[in-house]
>>> print(open('run30.cif').read())   # mmCIF, C-alpha atoms
data_input
#
loop_
_atom_site.label_atom_id
_atom_site.label_comp_id
_atom_site.auth_asym_id
_atom_site.auth_seq_id
_atom_site.Cartn_x
_atom_site.Cartn_y
_atom_site.Cartn_z
CA MET W 1 29.76 99.48 101.25
CA PRO W 2 29.46 101.16 104.66
CA ALA W 3 26.76 99.95 107.02
CA VAL W 4 23.63 102.01 107.52
CA THR W 5 24.35 104.69 110.11
CA ASP W 6 22.86 107.88 111.45
CA VAL W 7 25.03 110.66 110.08
CA LEU W 8 24.90 114.04 111.75
CA LEU W 9 26.35 117.07 110.01
CA PRO W 10 26.21 120.00 112.46
CA ALA W 11 26.51 123.51 111.03
CA SER W 12 27.88 125.22 114.16
CA PRO W 13 29.89 124.42 117.30
CA ASP W 14 26.71 124.50 119.39
CA GLU W 15 25.03 122.02 117.08
CA ALA W 16 28.11 119.80 117.24
CA VAL W 17 28.07 119.83 121.05
CA ALA W 18 24.35 119.04 121.13
CA ALA W 19 24.71 116.24 118.59
CA PHE W 20 27.65 114.73 120.47
CA GLY W 21 25.80 114.69 123.80
CA ASP W 22 27.73 112.53 126.24
CA GLY W 23 29.53 110.86 123.35
CA SER W 24 27.91 107.51 123.98
CA GLY W 25 27.88 105.47 120.77
CA VAL W 26 29.06 108.40 118.66
CA THR W 27 31.87 108.04 116.11
CA VAL W 28 33.38 111.44 115.31
CA ILE W 29 34.92 112.14 111.91
CA GLY W 30 37.08 115.23 111.62
CA GLY W 31 39.28 115.06 108.55
CA GLY W 32 38.68 111.35 108.13
CA THR W 33 42.29 110.31 107.73
CA ILE W 34 42.16 107.83 110.61
CA VAL W 35 38.50 106.81 110.84
CA MET W 36 37.58 106.48 107.17
CA PRO W 37 40.00 103.62 106.37
CA ASP W 38 38.56 101.71 109.34
CA ILE W 39 35.01 102.24 108.07
CA THR W 40 35.91 101.36 104.48
CA ALA W 41 37.63 98.17 105.60
CA GLY W 42 34.74 97.24 107.90
CA ARG W 43 36.86 97.34 111.03
CA ILE W 44 34.35 99.69 112.61
CA ARG W 45 30.66 99.96 111.83
CA PRO W 46 29.44 103.17 113.43
CA ALA W 47 25.81 103.34 114.44
CA ARG W 48 25.86 107.12 114.84
CA THR W 49 28.42 109.30 113.11
CA LEU W 50 29.18 112.95 113.72
CA LEU W 51 30.81 114.68 110.74
CA LEU W 52 32.48 117.91 111.83
CA ALA W 53 33.32 119.18 108.35
CA ARG W 54 30.88 122.09 108.56
CA ALA W 55 30.78 122.64 112.33
CA GLY W 56 32.78 125.86 112.17
CA LEU W 57 35.65 124.63 114.36
CA ALA W 58 38.47 125.18 111.88
CA GLY W 59 39.76 128.57 113.03
CA ILE W 60 43.37 129.39 113.87
CA THR W 61 43.68 132.71 115.67
CA HIS W 62 46.44 134.81 117.21
CA GLU W 63 45.49 137.43 119.79
CA GLY W 64 48.70 138.96 121.05
CA SER W 65 50.75 135.99 122.14
CA THR W 66 47.72 133.73 122.59
CA VAL W 67 47.18 131.09 119.92
CA THR W 68 43.87 129.27 119.54
CA LEU W 69 43.56 126.21 117.34
CA GLY W 70 40.10 124.96 116.43
CA ALA W 71 39.55 121.21 116.54
CA MET W 72 38.98 121.12 112.79
CA ALA W 73 41.99 123.26 111.90
CA PRO W 74 43.94 121.36 109.25
CA LEU W 75 47.51 120.46 110.12
CA GLN W 76 48.76 122.32 107.07
CA GLY W 77 47.42 125.49 108.66
CA LEU W 78 49.84 125.02 111.55
CA VAL W 79 53.10 124.52 109.68
CA ASP W 80 54.12 128.18 109.80
CA LEU W 81 53.61 128.48 113.55
CA PRO W 82 56.78 128.87 115.62
CA ALA W 83 58.49 125.79 117.05
CA PRO W 84 57.72 123.36 118.42
CA VAL W 85 54.16 123.27 116.98
CA GLY W 86 54.91 124.38 113.40
CA PRO W 87 57.85 122.08 112.65
CA CYS W 88 55.99 119.17 114.21
CA ALA W 89 52.91 119.78 112.04
CA GLY W 90 55.13 120.04 108.96
CA ASN W 91 56.65 116.69 109.85
CA VAL W 92 53.31 114.89 109.58
CA ALA W 93 52.71 112.87 106.41
CA ASP W 94 52.48 114.86 103.17
CA LEU W 95 50.76 118.01 101.96
CA GLU W 96 47.48 116.33 100.98
CA ILE W 97 47.13 114.54 104.30
CA ARG W 98 48.03 117.71 106.18
CA LEU W 99 45.31 119.57 104.27
CA GLN W 100 42.81 117.02 105.52
CA ALA W 101 44.00 115.83 108.92
CA THR W 102 42.81 117.93 111.84
CA VAL W 103 44.11 119.05 115.21
CA GLY W 104 41.25 117.36 117.06
CA GLY W 105 41.70 114.09 115.23
CA ASN W 106 45.41 114.13 115.88
CA LEU W 107 44.87 114.57 119.60
CA CYS W 108 42.06 112.05 119.88
CA SER W 109 43.30 109.32 117.57
CA GLY W 110 43.20 105.95 119.21
CA GLU W 111 46.46 104.34 120.14
CA GLY W 112 47.83 102.78 116.97
CA ALA W 113 48.43 99.06 117.23
CA GLU W 114 51.51 99.26 115.05
CA ALA W 115 52.79 102.79 115.51
CA PRO W 116 52.42 105.82 117.73
CA ARG W 117 49.88 108.38 116.59
CA GLY W 118 49.11 111.89 117.63
CA ASP W 119 52.25 113.81 116.66
CA LEU W 120 50.88 117.13 117.94
CA GLN W 121 50.42 115.86 121.47
CA GLY W 122 54.13 116.37 122.22
CA PRO W 123 54.50 120.02 121.12
CA LEU W 124 51.13 121.02 122.54
CA LEU W 125 52.11 119.51 125.89
CA ALA W 126 55.40 121.38 125.72
CA VAL W 127 53.67 124.73 125.21
CA GLY W 128 51.22 123.99 128.02
CA ALA W 129 48.07 124.01 125.89
CA GLN W 130 44.67 124.16 127.53
CA ILE W 131 42.00 122.15 125.76
CA ARG W 132 38.30 122.88 125.65
CA SER W 133 36.07 119.88 125.13
CA ALA W 134 32.44 118.82 125.40
CA GLY W 135 30.83 115.66 126.67
CA SER W 136 29.44 114.31 129.91
CA GLY W 137 29.39 117.19 132.40
CA GLY W 138 29.25 119.84 129.69
CA ILE W 139 32.05 121.96 128.28
CA THR W 140 35.27 121.89 130.26
CA THR W 141 38.70 123.46 129.91
CA GLU W 142 41.72 121.65 131.28
CA PRO W 143 45.43 121.15 130.60
CA LEU W 144 46.06 118.86 127.64
CA GLU W 145 48.13 116.73 129.98
CA ASP W 146 45.05 115.89 132.03
CA PHE W 147 42.83 115.46 129.00
CA LEU W 148 44.84 112.84 127.14
CA GLY W 149 44.22 110.12 129.69
CA HIS W 150 40.43 110.39 129.49
CA ARG W 151 39.90 111.71 125.97
CA ARG W 152 37.47 108.97 124.99
CA GLY W 153 33.98 110.38 125.35
CA ARG W 154 35.08 113.97 124.80
CA LEU W 155 34.55 116.19 121.76
CA VAL W 156 37.47 118.58 121.29
CA LEU W 157 36.40 122.13 120.53
CA ASP W 158 39.70 124.03 120.59
CA LEU W 159 43.08 124.49 122.25
CA THR W 160 44.71 127.64 123.52
CA TYR W 161 48.31 128.32 124.45
CA GLU W 162 50.71 131.18 124.98
CA GLU W 163 53.47 131.32 122.42
CA PRO W 164 56.67 130.37 124.22
CA ALA W 165 59.66 132.68 124.25
CA ALA W 166 61.51 129.92 122.38
CA GLY W 167 60.67 126.49 121.06
CA ALA W 168 62.38 123.52 119.45
CA PHE W 169 61.47 120.20 117.86
CA ALA W 170 63.64 117.16 117.22
CA ALA W 171 62.47 113.90 115.64
CA VAL W 172 63.87 110.68 114.33
CA ASP W 173 64.00 111.16 110.56
CA ARG W 174 61.26 109.37 108.69
CA PRO W 175 62.21 107.14 105.77
CA HIS W 176 59.16 108.30 103.84
CA THR W 177 56.40 110.86 104.25
CA HIS W 178 53.94 108.07 105.00
CA ALA W 179 55.80 106.71 107.98
CA TYR W 180 54.46 107.60 111.38
CA THR W 181 56.86 109.48 113.62
CA THR W 182 58.94 106.94 115.53
CA LEU W 183 59.97 109.31 118.29
CA ALA W 184 60.04 113.08 118.70
CA VAL W 185 60.86 115.55 121.47
CA SER W 186 59.41 119.04 121.77
CA ALA W 187 60.83 121.79 123.94
CA ALA W 188 59.52 125.20 124.96
CA ARG W 189 60.95 127.96 127.14
CA THR W 190 58.41 130.32 128.67
CA SER W 191 59.07 134.01 129.23
CA ASP W 192 60.03 133.32 132.87
CA GLY W 193 62.69 130.86 131.72
CA THR W 194 60.82 127.67 132.60
CA ILE W 195 61.66 124.82 130.21
CA ARG W 196 59.03 122.24 129.32
CA LEU W 197 59.80 119.03 127.45
CA ALA W 198 57.46 116.44 125.99
CA ALA W 199 57.79 113.37 123.79
CA THR W 200 55.69 111.72 121.12
CA GLY W 201 56.31 108.04 120.44
CA ALA W 202 57.56 107.23 123.93
CA GLY W 203 54.25 105.83 125.13
CA TRP W 204 50.74 105.30 123.89
CA TRP W 205 50.21 109.02 123.76
CA GLY W 206 52.26 112.17 124.23
CA ILE W 207 53.99 112.55 127.58
CA ARG W 208 55.71 115.31 129.56
CA LEU W 209 59.30 114.66 130.61
CA PRO W 210 59.49 116.22 134.11
CA SER W 211 62.76 114.55 135.11
CA ALA W 212 64.41 115.85 131.98
CA GLU W 213 62.93 119.30 132.58
CA ALA W 214 64.45 119.35 136.07
CA ALA W 215 67.86 118.61 134.58
CA ALA W 216 67.48 120.85 131.53
CA ALA W 217 70.48 123.02 132.43
CA ASP W 218 72.66 120.00 131.60
CA PRO W 219 71.44 118.53 128.27
CA ALA W 220 73.34 115.25 128.69
CA ALA W 221 71.89 114.72 132.16
CA ALA W 222 68.45 115.73 130.87
CA GLY W 223 68.68 113.15 128.11
CA ALA W 224 69.49 110.41 130.59
CA ALA W 225 66.82 111.61 133.01
CA ALA W 226 64.15 111.47 130.32
CA LEU W 227 64.28 107.68 130.47
CA LYS W 228 62.83 107.84 134.00
CA ASP W 229 59.71 109.51 132.63
CA VAL W 230 58.69 106.96 130.01
CA LYS W 231 57.58 103.37 129.58
CA LEU W 232 59.02 102.42 126.24
CA HIS W 233 57.48 99.75 124.06
CA ASP W 234 58.10 97.77 120.88
CA ASP W 235 55.98 98.43 117.84
CA ALA W 236 56.24 98.11 114.08
CA LEU W 237 58.44 101.18 113.80
CA ALA W 238 61.04 100.57 116.48
CA SER W 239 61.90 98.49 119.49
CA ALA W 240 61.91 99.78 123.05
CA TRP W 241 65.69 99.29 122.96
CA TYR W 242 66.00 101.62 119.95
CA ARG W 243 63.83 104.24 121.59
CA GLU W 244 65.93 103.97 124.74
CA GLN W 245 68.98 104.90 122.69
CA ALA W 246 67.24 107.62 120.68
CA LEU W 247 65.30 109.45 123.38
CA PRO W 248 68.34 110.96 125.19
CA VAL W 249 69.75 112.06 121.83
CA LEU W 250 66.54 113.83 120.87
CA VAL W 251 66.28 115.51 124.27
CA ARG W 252 69.83 116.82 123.84
CA ARG W 253 69.09 118.01 120.30
CA ALA W 254 65.87 119.72 121.34
CA LEU W 255 67.63 121.52 124.19
CA ALA W 256 70.50 122.53 121.91
CA ARG W 257 68.04 123.96 119.38
CA LEU W 258 66.19 125.72 122.17
CA GLU W 259 69.47 127.30 123.23
CA GLU W 260 70.20 128.41 119.65
CA SER W 261 66.75 129.86 119.01
CA MET B 1 23.12 115.86 98.13
CA ASN B 2 24.94 117.13 95.07
CA LEU B 3 28.45 117.00 93.70
CA ASN B 4 29.77 118.98 90.80
CA VAL B 5 32.18 116.68 89.03
CA ASN B 6 34.19 118.14 86.18
CA GLY B 7 31.61 120.86 85.61
CA ARG B 8 28.54 118.66 85.74
CA THR B 9 26.23 118.47 88.76
CA HIS B 10 25.14 115.06 90.00
CA GLU B 11 22.63 114.10 92.65
CA ILE B 12 24.34 111.48 94.78
CA GLU B 13 22.52 108.40 96.00
CA SER B 14 25.31 106.47 97.72
CA PRO B 15 25.16 106.09 101.53
CA PRO B 16 26.60 109.10 103.38
CA LEU B 17 29.82 107.50 104.58
CA THR B 18 30.73 106.14 101.16
CA THR B 19 34.09 107.50 100.16
CA LEU B 20 34.30 110.07 97.42
CA LEU B 21 36.49 107.55 95.58
CA ASP B 22 33.75 104.92 95.54
CA VAL B 23 31.12 107.48 94.57
CA LEU B 24 33.22 108.64 91.64
CA ARG B 25 34.05 105.16 90.41
CA GLU B 26 30.98 103.12 91.30
CA GLU B 27 28.11 105.61 91.11
CA LEU B 28 29.35 108.11 88.55
CA GLY B 29 31.63 105.95 86.40
CA VAL B 30 34.59 108.32 86.75
CA HIS B 31 37.48 105.90 86.73
CA SER B 32 40.66 107.97 86.67
CA PRO B 33 40.99 108.03 90.49
CA LYS B 34 42.46 104.64 91.32
CA VAL B 35 41.69 102.36 94.24
CA GLY B 36 45.12 101.82 95.73
CA CYS B 37 45.74 101.45 99.44
CA GLU B 38 42.36 102.89 100.56
CA GLN B 39 44.02 104.37 103.63
CA GLY B 40 45.52 107.58 102.33
CA GLY B 41 48.97 106.17 101.81
CA CYS B 42 49.53 105.98 98.07
CA GLY B 43 48.01 109.04 96.39
CA ALA B 44 46.49 107.08 93.49
CA CYS B 45 43.03 108.42 94.32
CA THR B 46 43.92 112.11 94.61
CA VAL B 47 41.41 114.49 93.06
CA LEU B 48 40.85 118.22 93.44
CA VAL B 49 38.13 119.23 95.89
CA ASP B 50 37.32 122.90 95.41
CA GLY B 51 40.77 123.21 93.86
CA ALA B 52 42.76 121.52 96.64
CA PRO B 53 44.37 118.09 96.21
CA ARG B 54 42.69 115.52 98.45
CA ARG B 55 42.76 111.77 98.90
CA SER B 56 39.30 110.75 97.74
CA CYS B 57 39.55 107.45 99.66
CA LEU B 58 39.50 109.38 102.94
CA LEU B 59 36.55 111.68 102.28
CA PRO B 60 33.00 110.70 103.29
CA VAL B 61 30.77 111.97 100.56
CA ALA B 62 28.27 113.43 103.04
CA ALA B 63 30.83 116.06 104.01
CA LEU B 64 31.12 117.28 100.43
CA ASP B 65 27.63 118.45 99.50
CA GLY B 66 27.99 121.13 96.82
CA ALA B 67 31.73 120.64 96.36
CA GLU B 68 33.44 120.98 93.00
CA ILE B 69 35.44 117.89 92.15
CA THR B 70 38.01 117.77 89.37
CA THR B 71 39.52 114.55 88.08
CA VAL B 72 41.73 113.75 85.10
CA GLU B 73 38.55 113.50 83.02
CA GLY B 74 38.16 117.23 83.69
CA LEU B 75 41.59 118.05 82.31
CA GLY B 76 42.34 117.82 78.62
CA ALA B 77 41.14 115.14 76.24
CA ALA B 78 43.66 113.14 74.17
CA GLU B 79 43.64 115.60 71.29
CA HIS B 80 43.86 118.68 73.54
CA LEU B 81 46.02 117.76 76.48
CA GLU B 82 46.60 120.20 79.32
CA PRO B 83 50.25 121.29 79.51
CA VAL B 84 50.91 119.10 82.54
CA GLN B 85 49.49 116.07 80.72
CA ALA B 86 51.58 116.82 77.63
CA ALA B 87 54.63 117.16 79.86
CA PHE B 88 53.98 113.71 81.35
CA VAL B 89 53.79 112.26 77.84
CA HIS B 90 56.84 114.11 76.57
CA HIS B 91 59.02 113.23 79.55
CA TYR B 92 57.89 109.60 79.72
CA ALA B 93 56.60 110.24 83.23
CA ALA B 94 54.04 107.43 83.10
CA GLN B 95 54.82 103.76 82.89
CA CYS B 96 52.12 101.43 84.23
CA GLY B 97 49.93 104.49 84.79
CA PHE B 98 48.36 103.49 88.08
CA CYS B 99 49.78 106.47 89.97
CA THR B 100 49.52 108.89 87.07
CA SER B 101 46.01 110.21 87.69
CA GLY B 102 46.79 111.18 91.26
CA LEU B 103 50.10 112.71 90.28
CA LEU B 104 48.49 114.73 87.50
CA MET B 105 45.97 116.20 89.91
CA ALA B 106 48.60 116.97 92.53
CA ALA B 107 50.80 118.56 89.86
CA THR B 108 47.86 120.56 88.54
CA ALA B 109 47.25 121.99 92.02
CA TYR B 110 50.96 122.63 92.53
CA ILE B 111 51.26 124.63 89.31
CA ALA B 112 47.93 126.43 89.84
CA ASN B 113 49.23 127.61 93.22
CA GLY B 114 52.29 129.16 91.61
CA GLY B 115 54.65 126.21 91.94
CA THR B 116 57.95 126.62 90.11
CA ASP B 117 60.39 124.16 88.52
CA ASP B 118 62.31 123.85 91.80
CA ARG B 119 62.83 120.12 92.16
CA GLU B 120 62.81 120.14 95.94
CA ALA B 121 59.51 122.03 96.03
CA ILE B 122 58.02 119.60 93.51
CA ALA B 123 59.20 116.62 95.57
CA GLU B 124 57.60 118.16 98.65
CA ALA B 125 54.30 118.78 96.84
CA LEU B 126 54.17 115.27 95.35
CA GLY B 127 55.75 113.50 98.32
CA GLY B 128 52.64 111.56 99.20
CA HIS B 129 52.41 109.81 95.85
CA VAL B 130 53.89 106.38 95.39
CA CYS B 131 55.17 105.31 91.96
CA ARG B 132 56.69 101.86 91.70
CA CYS B 133 57.83 102.16 88.07
CA THR B 134 59.58 105.36 87.19
CA GLY B 135 61.78 106.18 90.14
CA TYR B 136 60.22 109.66 90.18
CA VAL B 137 62.95 111.43 88.20
CA LYS B 138 60.91 111.69 85.02
CA ILE B 139 57.81 112.69 86.95
CA VAL B 140 59.70 115.57 88.52
CA ASP B 141 61.12 116.43 85.07
CA ALA B 142 57.59 116.61 83.67
CA VAL B 143 56.18 118.74 86.47
CA ALA B 144 59.18 121.08 86.29
CA ALA B 145 58.70 121.44 82.53
CA ALA B 146 55.01 122.16 82.92
CA ALA B 147 55.71 124.67 85.70
CA ARG B 148 58.17 126.48 83.40
CA GLY B 149 55.64 126.54 80.60
CA ASP B 150 57.69 124.40 78.23
CA GLU B 151 55.95 123.52 74.99
CA PHE B 152 56.24 120.11 73.36
CA ASP B 153 55.80 118.63 69.93
CA LEU B 154 54.26 115.33 70.91
CA SER B 155 54.67 113.97 67.39
CA VAL B 156 58.39 114.00 68.07
CA THR B 157 57.82 112.27 71.37
CA ALA B 158 55.60 109.67 69.71
CA ALA B 159 58.30 108.90 67.19
CA GLY B 160 60.67 108.13 70.05
CA LEU B 161 63.01 110.93 69.03
CA PHE B 162 63.20 112.61 72.40
CA THR B 163 65.44 111.54 75.27
CA THR B 164 64.55 113.09 78.56
CA THR B 165 67.18 114.64 80.74
CA MET B 166 66.98 115.97 84.24
CA SER B 167 65.85 119.56 84.19
CA GLY B 168 64.73 122.22 86.57
CA GLY B 169 66.33 124.02 89.47
CA ALA B 170 68.82 122.79 91.99
CA ALA B 171 68.14 119.28 93.27
#
>>> encode(input="run30.cif", output="structure tokens")
Amino acid sequence: MPAVTDVLLPASPDEAVAAFGDGSGVTVIGGGTIVMPDITAGRIRPARTLLLARAGLAGITHEGSTVTLGAMAPLQGLVDLPAPVGPCAGNVADLEIRLQATVGGNLCSGEGAEAPRGDLQGPLLAVGAQIRSAGSGGITTEPLEDFLGHRRGRLVLDLTYEEPAAGAFAAVDRPHTHAYTTLAVSAARTSDGTIRLAATGAGWWGIRLPSAEAAAADPAAAGAAALKDVKLHDDALASAWYREQALPVLVRRALARLEES
Amino acid sequence: MNLNVNGRTHEIESPPLTTLLDVLREELGVHSPKVGCEQGGCGACTVLVDGAPRRSCLLPVAALDGAEITTVEGLGAAEHLEPVQAAFVHHYAAQCGFCTSGLLMAATAYIANGGTDDREAIAEALGGHVCRCTGYVKIVDAVAAAARGDEFDLSVTAAGLFTTTMSGGAA
């Protein structure tokens, strides 16, 4: 049985921001797919819990080429978006988990001890998403790239990005829907021809691949260059050695798909 | 807070972060959702929440005030099975039965949302459910049959006179 805890159930974004405060001592539950097993198993015993289920942060909107994803938008709501975001969302777990798991939870999930988490970090880095979050210092908007390193203590409100002119996603195939993604590469080409690349599973959270981007005109060289951008590690899914072999392949595939799209 | 479970409203007394699964089983005595992995990985606890299939082990009950929950107890009784339940019987889609409740609810949602007998689509819809007995072929047979609207004479099934064969669209 869960420990006694203050449970806050805000009914609007403003109430959620006020309830979160500076985030001190607050455990946030979005869809629950990551936090609830830890609570049920007694691995965490939150003193103050913020449930976002009714906070009104679940919207997904298109205005022209601008896409806004609310923190509580379910991953299943993203699967029809153009690459790289849509195919990445569709590659997460199974339908029932995607109906429940949220964008905010995916971006803020703690580093998994046994496997990488946060599949969406890669594609949202590739499309240059800006993230709006609350916490100490009030509401701020910043590039997702900057946010990921200090996401503890922040409450995600939404993300915004411009749909790229083209996008692509390439991942190591999963043996089963329940397996976390071992390694994935997302690519986006903006309307001015700039190519952005990012990886999930090549570090504790999603990471841009600037060396590979600089060499993007030559996919083989870009694949090799990507290894300069990452610190690979062993975990339950794959060794660093395996990822070292797979990352250049995925970079090449992502660039090839970008070229085809 | 209140939950409507299978058409009946209950006032819930469990602590707010209790999972829906524990509330159903421990507080309300609704035992068809099974306690499997308790981390969203097996699908044995799947129920319908406002018509959508959800893992009840991952849902804090406080987030569900006023929700309509449907479990196998809300489908057909033994003498009046729902078509999807009859299909599971007829196609021998249950063996030990531990996964069956979750699969029935996922299949119910799949068919209610217009799912067809396309085997690939069924596999995608049920992909989060683990069955260690049947190898899934007969489960997919059953869901495909129910999606087509097949009718069954379960007295024939009970007499062991039916041998299931793979059916449905392209694999």
>>> residues_near_point(input="run30.cif", point="(61.8, 120.0, 92.2)", cutoff="12 Å", atoms="all atoms listed in the file", output="number ranges by chain")
B: 107, 110-111, 115-127, 136-148, 166-171
>>> resolve_selection(input="run30.cif", expression="the PyMOL selection byres ((chain W) within 6 of (chain B))", output="PyMOL selection string")
chain W and resi 32-33+36-37+53+94+96
>>> atom_distance(input="run30.cif", atom1="CA of Leu103 (chain B)", atom2="CA of Asp119 (chain W)")
26.5 Å
>>> atom_distance(input="run30.cif", atom1="CA of Leu255 (chain W)", atom2="CA of Pro219 (chain W)")
6.3 Å
>>> atom_distance(input="run30.cif", atom1="CA of Arg189 (chain W)", atom2="CA of Ala166 (chain W)")
5.2 Å
>>> resolve_selection(input="run30.cif", expression="the PyMOL selection byres ((chain W and resi 29-31) around 7)", output="list in words")
Thr27, Val28, Gly32, Thr33, Val35, Leu50, Leu51, Leu52, Ala53, Met72, Gln100, Ala101, Thr102 and Gly105 of chain W
>>> residues_around(input="run30.cif", residues="Arg132 (chain W)", least_positions_apart="3", cutoff="12 Å", atoms="all atoms listed in the file", output="MDAnalysis selection string")
chainID W and resid 13 17 57 68:71 104 129 135 138:144 146:147 151 154:161
>>> write_last_selection(input="run30.cif", atoms="C-alpha atoms", output="short mmCIF file (atom, residue, chain, number, x, y, z; two decimals), in the frame of the given file")
data_model
loop_
_atom_site.label_atom_id
_atom_site.label_comp_id
_atom_site.auth_asym_id
_atom_site.auth_seq_id
_atom_site.Cartn_x
_atom_site.Cartn_y
_atom_site.Cartn_z
CA PRO W 13 29.89 124.42 117.30
CA VAL W 17 28.07 119.83 121.05
CA LEU W 57 35.65 124.63 114.36
CA THR W 68 43.87 129.27 119.54
CA LEU W 69 43.56 126.21 117.34
CA GLY W 70 40.10 124.96 116.43
CA ALA W 71 39.55 121.21 116.54
CA GLY W 104 41.25 117.36 117.06
CA ALA W 129 48.07 124.01 125.89
CA GLY W 135 30.83 115.66 126.67
CA GLY W 138 29.25 119.84 129.69
CA ILE W 139 32.05 121.96 128.28
CA THR W 140 35.27 121.89 130.26
CA THR W 141 38.70 123.46 129.91
CA GLU W 142 41.72 121.65 131.28
CA PRO W 143 45.43 121.15 130.60
CA LEU W 144 46.06 118.86 127.64
CA ASP W 146 45.05 115.89 132.03
CA PHE W 147 42.83 115.46 129.00
CA ARG W 151 39.90 111.71 125.97
CA ARG W 154 35.08 113.97 124.80
CA LEU W 155 34.55 116.19 121.76
CA VAL W 156 37.47 118.58 121.29
CA LEU W 157 36.40 122.13 120.53
CA ASP W 158 39.70 124.03 120.59
CA LEU W 159 43.08 124.49 122.25
CA THR W 160 44.71 127.64 123.52
CA TYR W 161 48.31 128.32 124.45
#
>>> resolve_selection(input="run30.cif", expression="the PyMOL selection byres ((chain W and resi 45) around 12)", output="list of chain:residue names")
W:Met1, W:Pro2, W:Ala3, W:Val4, W:Thr5, W:Asp6, W:Gly25, W:Val26, W:Thr27, W:Val35, W:Met36, W:Pro37, W:Asp38, W:Ile39, W:Thr40, W:Ala41, W:Gly42, W:Arg43, W:Ile44, W:Pro46, W:Ala47, W:Arg48, W:Thr49, B:Leu17
>>> residues_around(input="run30.cif", residues="Gly66 (chain B)", least_positions_apart="6", cutoff="12 Å", atoms="only C-alpha atoms", output="ChimeraX atom specification")
/B:1-5,7-12,49-50
>>> residues_around(input="run30.cif", residues="Ser136 (chain W)", least_positions_apart="3", cutoff="8 Å", atoms="all atoms listed in the file", output="PyMOL selection string")
chain W and resi 21-23+153-154
>>> closest_residue(input="run30.cif", among="W:Ala221, W:Thr182, W:Asp235, W:Ile60", to="Asp80 (chain W)", atoms="only C-alpha atoms")
W:Ile60
>>> closest_residue(input="run30.cif", among="B:Glu79, B:Val47, B:Glu13, B:Glu151", to="Glu27 (chain B)", atoms="all atoms listed in the file")
B:Glu13
>>> residues_near_point(input="run30.cif", point="(49.7, 136.6, 122.1)", cutoff="12 Å", atoms="all atoms listed in the file", output="PyMOL selection string")
chain W and resi 61-68+160-165
>>> residues_around(input="run30.cif", residues="Val35 (chain B)", least_positions_apart="6", cutoff="8 Å", atoms="only C-alpha atoms", output="PyMOL selection string")
chain B and resi 21+44-45+57
>>> closest_residue(input="run30.cif", among="B:His90, B:Phe152, B:Ala159, B:Gly102", to="Thr70 (chain B)", atoms="all atoms listed in the file")
B:Gly102
